[in-house]
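Read through the structure below, which is laid out as structure tokens, and then see the notes.
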Amino acid sequence: MPAGSDQGGLRNRKPSESAFKQQKLPAWQPILTPRWVIGTFIVVAVVFIPIGIVILDASNKVQEYAIEYQDKCTDMVNGKSCTNNVTLSVTKDMKAPVYVYYELSNFYQNHRRYVQSRSDEQLRGSFGGSGSNVVSASDADSVIKSGCTPSNSREYNFNDKTYFYYPCGLIARSTFNDTYIFTQSANQQSVVVSETGIAWKSDIDKKFSQKSDDWMQNNCAFYGHSEAAFNQAGFDFTWAEAQTRAAAAQAKGAVFDCWRNVDDEHFIVWMRVAGLPTFKKLWGKIETDVAKGDYTVTINNNFPVTAFGGTKKVVLSTTEWIGGKNSFLGIAYLVVGGICAMLAVVFLIKELTSPRDLADARFMEWK
């Protein structure tokens, strides 16, 4: 009876008589003879060891200079910021571009609750209407209540009224905010550091978009609560103008504290969370060669790390075709290649000193 036909009102579920459906296709099952195993290990070793050498050599060509500075500011223990100078010694000339990174340790950006505490709708600017629309407190709460928990990272009470952070969430509210100024120690010449072009283009174009200026003038009751913080927020108007705009918006019933410019590239870089507790993030680029010598780094020390036992570093680094300095991948290739080479030698010695015939009946057990 043909496959799929009815038999007594019941459909026949037998597959068709094809080689594929009946699992009769030709198959090849390799027999792992000693020669095959030894040959495979040799091939892997021959491929992996040169790759590891090339990668490790590229990593070693990267010039990187770093200095730890979290203990330079005693006021940070008391929750205050400060400005201090550190000296960074560059022992070899560095070819442009030279990248400026900050490095944090013991900061777990990959924690589940931390990663989830954000509002992508806010970050994209696709909330709260547009133009002269004034968003009510209930509408603002409905936008961010699901994503920006815990509540102290999304809202706060001031003068018996609730205001909502824009942007909100643990990631946004913990944005790294130290700043750096580089000066050559010998001649006090400033080093120009570009703070644009540091974020991924896809993030800038598709994931982050600040609300329009008209919307902000109607909905931003605050622009942060200090001039120092405002000056690091990435806005293109002054603190005095921000206060004038905020007062007008408060009169209209605005409910947002627009404490940070979502389009600011430092903010966008921070929002792309790191997978490990010790990480570097790009802070700026030096587009000219950096000559060897001592450099004074003036640090506006704002980001506290003592509470979680962390450290802070400022890093100058060049790059190679493989990226920044990271020896792990090259070492991993060398270790795997070395193990395979060692196993190939061991099995080869075993095969030469005490060979064994394939499928020798003497080694079979009969019950």
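Please note that chains go A, B, ... in the order of the structure tokens, that every chain numbers its residues from 1, and that ligands are numbered from 1 in the order shown.
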- Find the spatial neighbours of Asn85 in chain A, counting only C-alpha atoms, within a cut-off of 10 Å - ignore same-chain residues fewer than 3 positions away - and output them as an NGL selection string. :A and (69 or 72-73 or 88 or 180-182 or 295-301)
- Message: Considering only alpha helix (DSSP H) as DSSP defines it on the backbone, what residues of range 267-313 of chain A qualify? List them as number ranges by chain.
- Response: A: 267-271
Restricting the output to C-alpha atoms, write the selected residues as a PDB file, in the first residue's frame.
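Writing done, so here's selection-v3.pdb:
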ATOM      1  CA  PHE A 267      27.780  57.144  28.247  1.00  0.00           C
ATOM      2  CA  ILE A 268      27.235  54.877  25.216  1.00  0.00           C
ATOM      3  CA  VAL A 269      30.572  53.120  25.813  1.00  0.00           C
ATOM      4  CA  TRP A 270      29.657  52.502  29.466  1.00  0.00           C
ATOM      5  CA  MET A 271      26.223  51.095  28.576  1.00  0.00           C
TER       6      MET A 271
END
Write out, as CSV, each residue of range 286-318 of chain A that has an atom at most 7 Å from range 65-68 of chain A, together with the closest pair of atoms and their distance in Å to one decimal, counting only C-alpha atoms, rows going by chain and rising number.
residue,atom,partner,partner_atom,distance
A:Lys312,CA,A:Glu68,CA,5.6
A:Lys313,CA,A:Glu68,CA,4.2
A:Val314,CA,A:Ala66,CA,5.6
A:Val315,CA,A:Ala66,CA,4.3
A:Leu316,CA,A:Tyr65,CA,5.2
A:Ser317,CA,A:Tyr65,CA,6.5
Write out the residues from the selection above, keeping N, CA, C and O atoms, as a short mmCIF file (atom, residue, chain, number, x, y, z; two decimals), in the first residue's frame.
data_model
loop_
_atom_site.label_atom_id
_atom_site.label_comp_id
_atom_site.auth_asym_id
_atom_site.auth_seq_id
_atom_site.Cartn_x
_atom_site.Cartn_y
_atom_site.Cartn_z
N LYS A 312 41.21 51.39 40.08
CA LYS A 312 41.08 52.18 38.85
C LYS A 312 42.45 52.40 38.24
O LYS A 312 43.42 52.65 38.95
N LYS A 313 42.50 52.31 36.91
CA LYS A 313 43.74 52.61 36.19
C LYS A 313 43.42 53.48 34.99
O LYS A 313 42.33 53.38 34.40
N VAL A 314 44.39 54.31 34.61
CA VAL A 314 44.33 54.99 33.33
C VAL A 314 45.40 54.34 32.46
O VAL A 314 46.52 54.09 32.93
N VAL A 315 45.04 54.05 31.21
CA VAL A 315 45.89 53.23 30.34
C VAL A 315 46.10 53.94 29.01
O VAL A 315 45.15 54.45 28.41
N LEU A 316 47.36 53.97 28.56
CA LEU A 316 47.69 54.39 27.19
C LEU A 316 48.10 53.15 26.42
O LEU A 316 48.92 52.36 26.90
N SER A 317 47.54 52.98 25.22
CA SER A 317 47.84 51.76 24.47
C SER A 317 47.76 52.00 22.98
O SER A 317 46.93 52.78 22.50
#
Output as JSON lines one row per residue of range 20-137 of chain A within 9 Å of range 216-228 of chain A: the closest atom pair and its distance in Å to one decimal place, counting only C-alpha atoms, sorted by chain and residue number ascending.
{"residue": "A:Gly131", "atom": "CA", "partner": "A:Asn218", "partner_atom": "CA", "distance": 8.2}
{"residue": "A:Ser132", "atom": "CA", "partner": "A:Asn218", "partner_atom": "CA", "distance": 6.2}
{"residue": "A:Asn133", "atom": "CA", "partner": "A:Asn218", "partner_atom": "CA", "distance": 7.2}
{"residue": "A:Val134", "atom": "CA", "partner": "A:Asn219", "partner_atom": "CA", "distance": 5.8}
{"residue": "A:Val135", "atom": "CA", "partner": "A:Asn219", "partner_atom": "CA", "distance": 6.7}
- Message: Please extract the residues of range 152-244 of chain A with a backbone DSSP assignment of strand (DSSP E or B) and present them as a list in words.
- Response: Glu155, Tyr156, Asn157, Phe158, Lys161, Thr162, Tyr163, Phe164, Tyr165, Thr179, Tyr180, Ile181, Phe182, Thr183, Gln184, Ser190, Val191, Ser194, Cys220, Ala221 and Phe222 of chain A
- Rounded to one decimal place, report the CA of Ala233 in chain A-CA of Val86 in chain A distance in Å.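 Between these atoms lies a distance of 24.5 Å.
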- Query: Skipping near chain neighbours, those fewer than 3 positions away, what residues fall within 7 Å of Asp294 in chain A using only C-alpha atoms, listed as a ChimeraX atom specification?
  - Reply: /A:87-90,184-185
- Top pick for closest residue to Gln63 in chain A, considering A:Lys161, A:Lys92, A:Arg356, A:Lys201 and counting only C-alpha atoms: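 Checking each candidate against Gln63 in chain A, we get A:Lys92 as the closest.
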- Task: Would you mind listing what lies within 6 Å of range 278-291 of chain A as a VMD selection string, with only C-alpha atoms counted and same-chain residues fewer than 2 positions away left out?
- Result: chain A and resid 93 to 106 193 to 195 276
Store the residues picked out above in a file with all heavy atoms, as a short mmCIF file (atom, residue, chain, number, x, y, z; two decimals), in the first residue's frame.
data_model
loop_
_atom_site.label_atom_id
_atom_site.label_comp_id
_atom_site.auth_asym_id
_atom_site.auth_seq_id
_atom_site.Cartn_x
_atom_site.Cartn_y
_atom_site.Cartn_z
N ASP A 93 58.60 55.50 22.04
CA ASP A 93 57.69 56.31 21.23
C ASP A 93 56.49 55.46 20.80
O ASP A 93 56.64 54.29 20.45
CB ASP A 93 58.40 56.84 19.99
CG ASP A 93 59.49 57.85 20.34
OD1 ASP A 93 59.46 58.39 21.46
OD2 ASP A 93 60.38 58.08 19.49
N MET A 94 55.31 56.07 20.85
CA MET A 94 54.07 55.37 20.47
C MET A 94 53.52 56.01 19.21
O MET A 94 53.31 57.23 19.14
CB MET A 94 53.04 55.45 21.61
CG MET A 94 53.55 54.92 22.94
SD MET A 94 52.35 55.12 24.29
CE MET A 94 51.16 53.85 23.87
N LYS A 95 53.27 55.17 18.19
CA LYS A 95 52.74 55.65 16.93
C LYS A 95 51.22 55.87 17.04
O LYS A 95 50.51 55.11 17.68
CB LYS A 95 53.02 54.65 15.80
CG LYS A 95 54.49 54.48 15.48
CD LYS A 95 55.08 55.76 14.88
CE LYS A 95 56.52 55.56 14.45
NZ LYS A 95 57.09 56.80 13.88
N ALA A 96 50.75 56.94 16.39
CA ALA A 96 49.32 57.23 16.38
C ALA A 96 48.56 56.17 15.57
O ALA A 96 49.12 55.58 14.64
CB ALA A 96 49.08 58.61 15.78
N PRO A 97 47.30 55.93 15.91
CA PRO A 97 46.58 56.52 17.04
C PRO A 97 46.91 55.80 18.35
O PRO A 97 47.14 54.60 18.36
CB PRO A 97 45.12 56.30 16.65
CG PRO A 97 45.13 55.04 15.84
CD PRO A 97 46.42 55.06 15.08
N VAL A 98 46.91 56.58 19.42
CA VAL A 98 47.12 56.03 20.76
C VAL A 98 45.79 56.13 21.51
O VAL A 98 45.14 57.18 21.49
CB VAL A 98 48.22 56.81 21.51
CG1 VAL A 98 48.38 56.27 22.93
CG2 VAL A 98 49.54 56.73 20.75
N TYR A 99 45.40 55.04 22.12
CA TYR A 99 44.09 54.97 22.76
C TYR A 99 44.21 55.15 24.27
O TYR A 99 45.12 54.62 24.90
CB TYR A 99 43.41 53.64 22.44
CG TYR A 99 43.14 53.47 20.97
CD1 TYR A 99 44.06 52.83 20.14
CD2 TYR A 99 41.97 53.95 20.39
CE1 TYR A 99 43.83 52.69 18.78
CE2 TYR A 99 41.72 53.81 19.03
CZ TYR A 99 42.65 53.18 18.23
OH TYR A 99 42.41 53.04 16.89
N VAL A 100 43.27 55.91 24.82
CA VAL A 100 43.20 56.14 26.26
C VAL A 100 42.05 55.30 26.81
O VAL A 100 40.91 55.44 26.36
CB VAL A 100 42.98 57.62 26.59
CG1 VAL A 100 42.93 57.83 28.11
CG2 VAL A 100 44.07 58.48 25.97
N TYR A 101 42.36 54.43 27.75
CA TYR A 101 41.36 53.58 28.38
C TYR A 101 41.30 53.87 29.89
O TYR A 101 42.27 54.35 30.48
CB TYR A 101 41.70 52.09 28.22
CG TYR A 101 41.76 51.59 26.81
CD1 TYR A 101 42.95 51.61 26.09
CD2 TYR A 101 40.63 51.04 26.18
CE1 TYR A 101 43.02 51.12 24.80
CE2 TYR A 101 40.69 50.56 24.89
CZ TYR A 101 41.88 50.60 24.20
OH TYR A 101 41.96 50.12 22.92
N TYR A 102 40.17 53.55 30.48
CA TYR A 102 40.13 53.40 31.94
C TYR A 102 39.88 51.93 32.23
O TYR A 102 39.19 51.24 31.47
CB TYR A 102 39.06 54.28 32.59
CG TYR A 102 37.65 54.09 32.09
CD1 TYR A 102 36.80 53.13 32.65
CD2 TYR A 102 37.14 54.90 31.06
CE1 TYR A 102 35.49 52.99 32.22
CE2 TYR A 102 35.84 54.74 30.61
CZ TYR A 102 35.02 53.79 31.19
OH TYR A 102 33.73 53.63 30.75
N GLU A 103 40.48 51.45 33.29
CA GLU A 103 40.35 50.03 33.67
C GLU A 103 39.81 49.93 35.09
O GLU A 103 40.32 50.59 36.01
CB GLU A 103 41.70 49.32 33.57
CG GLU A 103 41.64 47.84 33.95
CD GLU A 103 42.97 47.14 33.80
OE1 GLU A 103 43.64 47.37 32.77
OE2 GLU A 103 43.33 46.37 34.70
N LEU A 104 38.78 49.13 35.26
CA LEU A 104 38.20 48.88 36.57
C LEU A 104 38.36 47.41 36.92
O LEU A 104 38.33 46.54 36.03
CB LEU A 104 36.71 49.24 36.60
CG LEU A 104 36.33 50.71 36.36
CD1 LEU A 104 34.82 50.87 36.39
CD2 LEU A 104 36.98 51.61 37.39
N SER A 105 38.51 47.13 38.21
CA SER A 105 38.56 45.74 38.66
C SER A 105 37.51 45.51 39.73
O SER A 105 37.09 46.45 40.42
CB SER A 105 39.96 45.39 39.22
OG SER A 105 40.18 46.08 40.44
N ASN A 106 37.08 44.26 39.84
CA ASN A 106 36.09 43.83 40.85
C ASN A 106 34.74 44.51 40.66
O ASN A 106 33.97 44.65 41.62
CB ASN A 106 36.62 44.09 42.27
CG ASN A 106 36.02 43.12 43.28
OD1 ASN A 106 35.77 41.95 42.97
ND2 ASN A 106 35.76 43.59 44.49
N VAL A 193 43.37 65.05 23.34
CA VAL A 193 42.70 63.76 23.37
C VAL A 193 41.29 63.93 22.81
O VAL A 193 40.49 64.72 23.34
CB VAL A 193 42.61 63.18 24.80
CG1 VAL A 193 41.92 61.82 24.79
CG2 VAL A 193 44.01 63.07 25.42
N SER A 194 40.98 63.23 21.73
CA SER A 194 39.64 63.29 21.13
C SER A 194 38.71 62.35 21.87
O SER A 194 39.03 61.18 22.09
CB SER A 194 39.70 62.91 19.65
OG SER A 194 38.39 62.81 19.11
N GLU A 195 37.55 62.88 22.27
CA GLU A 195 36.57 62.07 23.00
C GLU A 195 35.38 61.69 22.13
O GLU A 195 34.34 61.27 22.64
CB GLU A 195 36.12 62.81 24.26
CG GLU A 195 37.24 63.10 25.22
CD GLU A 195 36.81 63.93 26.42
OE1 GLU A 195 35.73 63.66 26.96
OE2 GLU A 195 37.56 64.85 26.80
N LEU A 276 33.46 40.45 32.12
CA LEU A 276 34.33 40.03 33.21
C LEU A 276 34.46 41.15 34.23
O LEU A 276 34.27 42.34 33.90
CB LEU A 276 35.71 39.65 32.67
CG LEU A 276 35.76 38.46 31.70
CD1 LEU A 276 37.17 38.30 31.13
CD2 LEU A 276 35.32 37.17 32.39
#
- Item | Shell around Gly125 in chain A at 7 Å using only C-alpha atoms, local window under 2 positions removed, as a list in words | Glu121, Gln122, Leu123, Phe127, Ser209, Gln210 and Lys211 of chain A
Deliver the residues from the most recent selection as a file, using all heavy atoms, as a PDB file, in the first residue's frame.
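Output (out_15.pdb):
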ATOM      1  N   GLU A 121      13.749  51.509  25.589  1.00  0.00           N
ATOM      2  CA  GLU A 121      12.795  52.454  25.004  1.00  0.00           C
ATOM      3  C   GLU A 121      13.223  53.890  25.307  1.00  0.00           C
ATOM      4  O   GLU A 121      13.147  54.771  24.445  1.00  0.00           O
ATOM      5  CB  GLU A 121      11.400  52.178  25.574  1.00  0.00           C
ATOM      6  CG  GLU A 121      10.292  52.959  24.879  1.00  0.00           C
ATOM      7  CD  GLU A 121       8.914  52.589  25.383  1.00  0.00           C
ATOM      8  OE1 GLU A 121       8.811  51.703  26.267  1.00  0.00           O
ATOM      9  OE2 GLU A 121       7.936  53.190  24.906  1.00  0.00           O
ATOM     10  N   GLN A 122      13.684  54.117  26.531  1.00  0.00           N
ATOM     11  CA  GLN A 122      14.219  55.432  26.870  1.00  0.00           C
ATOM     12  C   GLN A 122      15.460  55.759  26.059  1.00  0.00           C
ATOM     13  O   GLN A 122      15.597  56.857  25.511  1.00  0.00           O
ATOM     14  CB  GLN A 122      14.567  55.465  28.359  1.00  0.00           C
ATOM     15  CG  GLN A 122      13.575  56.172  29.242  1.00  0.00           C
ATOM     16  CD  GLN A 122      14.209  56.552  30.573  1.00  0.00           C
ATOM     17  OE1 GLN A 122      15.323  56.163  30.900  1.00  0.00           O
ATOM     18  NE2 GLN A 122      13.490  57.333  31.350  1.00  0.00           N
ATOM     19  N   LEU A 123      16.382  54.807  25.994  1.00  0.00           N
ATOM     20  CA  LEU A 123      17.659  55.053  25.335  1.00  0.00           C
ATOM     21  C   LEU A 123      17.477  55.344  23.853  1.00  0.00           C
ATOM     22  O   LEU A 123      18.235  56.127  23.274  1.00  0.00           O
ATOM     23  CB  LEU A 123      18.587  53.852  25.539  1.00  0.00           C
ATOM     24  CG  LEU A 123      18.950  53.533  27.000  1.00  0.00           C
ATOM     25  CD1 LEU A 123      19.758  52.252  27.085  1.00  0.00           C
ATOM     26  CD2 LEU A 123      19.722  54.688  27.614  1.00  0.00           C
ATOM     27  N   PHE A 127       9.865  57.094  23.486  1.00  0.00           N
ATOM     28  CA  PHE A 127       8.885  57.157  24.560  1.00  0.00           C
ATOM     29  C   PHE A 127       8.438  58.607  24.716  1.00  0.00           C
ATOM     30  O   PHE A 127       9.089  59.539  24.245  1.00  0.00           O
ATOM     31  CB  PHE A 127       9.490  56.660  25.884  1.00  0.00           C
ATOM     32  CG  PHE A 127      10.403  57.664  26.540  1.00  0.00           C
ATOM     33  CD1 PHE A 127       9.990  58.405  27.629  1.00  0.00           C
ATOM     34  CD2 PHE A 127      11.678  57.903  26.033  1.00  0.00           C
ATOM     35  CE1 PHE A 127      10.816  59.342  28.214  1.00  0.00           C
ATOM     36  CE2 PHE A 127      12.509  58.833  26.619  1.00  0.00           C
ATOM     37  CZ  PHE A 127      12.086  59.567  27.704  1.00  0.00           C
ATOM     38  N   SER A 209      19.442  57.572  21.207  1.00  0.00           N
ATOM     39  CA  SER A 209      18.973  58.792  20.557  1.00  0.00           C
ATOM     40  C   SER A 209      18.332  59.696  21.606  1.00  0.00           C
ATOM     41  O   SER A 209      17.362  59.309  22.261  1.00  0.00           O
ATOM     42  CB  SER A 209      17.972  58.469  19.446  1.00  0.00           C
ATOM     43  OG  SER A 209      17.509  59.651  18.831  1.00  0.00           O
ATOM     44  N   GLN A 210      18.884  60.892  21.768  1.00  0.00           N
ATOM     45  CA  GLN A 210      18.347  61.840  22.731  1.00  0.00           C
ATOM     46  C   GLN A 210      17.029  62.417  22.228  1.00  0.00           C
ATOM     47  O   GLN A 210      16.830  62.602  21.019  1.00  0.00           O
ATOM     48  CB  GLN A 210      19.368  62.969  22.950  1.00  0.00           C
ATOM     49  CG  GLN A 210      18.983  63.995  23.991  1.00  0.00           C
ATOM     50  CD  GLN A 210      19.137  63.480  25.402  1.00  0.00           C
ATOM     51  OE1 GLN A 210      19.727  62.436  25.627  1.00  0.00           O
ATOM     52  NE2 GLN A 210      18.592  64.212  26.360  1.00  0.00           N
ATOM     53  N   LYS A 211      16.109  62.672  23.151  1.00  0.00           N
ATOM     54  CA  LYS A 211      14.848  63.320  22.779  1.00  0.00           C
ATOM     55  C   LYS A 211      15.135  64.701  22.198  1.00  0.00           C
ATOM     56  O   LYS A 211      16.173  65.314  22.458  1.00  0.00           O
ATOM     57  CB  LYS A 211      13.942  63.442  23.997  1.00  0.00           C
ATOM     58  CG  LYS A 211      13.519  62.102  24.611  1.00  0.00           C
ATOM     59  CD  LYS A 211      12.622  61.302  23.687  1.00  0.00           C
ATOM     60  CE  LYS A 211      11.246  61.917  23.559  1.00  0.00           C
ATOM     61  NZ  LYS A 211      10.330  61.057  22.765  1.00  0.00           N
TER      62      LYS A 211
END
- Please provide as a VMD selection string all residues within 10 Å of Pro150 in chain A, with the sequence filter that same-chain residues fewer than 5 positions apart are discarded (counting only C-alpha atoms). chain A and resid 113 to 114 117 145 155 169 to 170
Store the residues picked out above in a file with N, CA, C and O atoms, as an mmCIF file, in the first residue's frame.
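Output saved as out_29.cif:
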data_model
loop_
_atom_site.group_PDB
_atom_site.id
_atom_site.type_symbol
_atom_site.label_atom_id
_atom_site.label_comp_id
_atom_site.auth_asym_id
_atom_site.auth_seq_id
_atom_site.Cartn_x
_atom_site.Cartn_y
_atom_site.Cartn_z
ATOM 1 N N ARG A 113 20.920 41.170 37.527
ATOM 2 C CA ARG A 113 20.041 42.293 37.858
ATOM 3 C C ARG A 113 20.604 43.606 37.327
ATOM 4 O O ARG A 113 19.856 44.508 36.938
ATOM 5 N N TYR A 114 21.917 43.726 37.308
ATOM 6 C CA TYR A 114 22.545 44.937 36.786
ATOM 7 C C TYR A 114 22.324 45.042 35.278
ATOM 8 O O TYR A 114 21.950 46.105 34.769
ATOM 9 N N SER A 117 18.770 46.122 34.334
ATOM 10 C CA SER A 117 18.268 47.390 34.842
ATOM 11 C C SER A 117 18.557 48.517 33.849
ATOM 12 O O SER A 117 19.493 49.302 34.011
ATOM 13 N N LYS A 145 8.988 51.372 34.589
ATOM 14 C CA LYS A 145 8.874 50.573 35.802
ATOM 15 C C LYS A 145 9.315 49.124 35.602
ATOM 16 O O LYS A 145 9.789 48.480 36.537
ATOM 17 N N GLU A 155 13.650 56.534 39.970
ATOM 18 C CA GLU A 155 12.846 57.667 40.424
ATOM 19 C C GLU A 155 13.316 58.123 41.798
ATOM 20 O O GLU A 155 14.043 57.417 42.498
ATOM 21 N N GLY A 169 17.977 53.421 35.381
ATOM 22 C CA GLY A 169 18.555 52.083 35.483
ATOM 23 C C GLY A 169 19.898 52.083 36.183
ATOM 24 O O GLY A 169 20.596 53.100 36.259
ATOM 25 N N LEU A 170 20.272 50.902 36.710
ATOM 26 C CA LEU A 170 21.531 50.774 37.432
ATOM 27 C C LEU A 170 22.743 51.049 36.546
ATOM 28 O O LEU A 170 23.718 51.659 36.983
#
- Pick from A:Ala254, A:Ala229, A:Val143, A:Ala274 nearest to Thr179 in chain A, counting only C-alpha atoms: A:Ala229
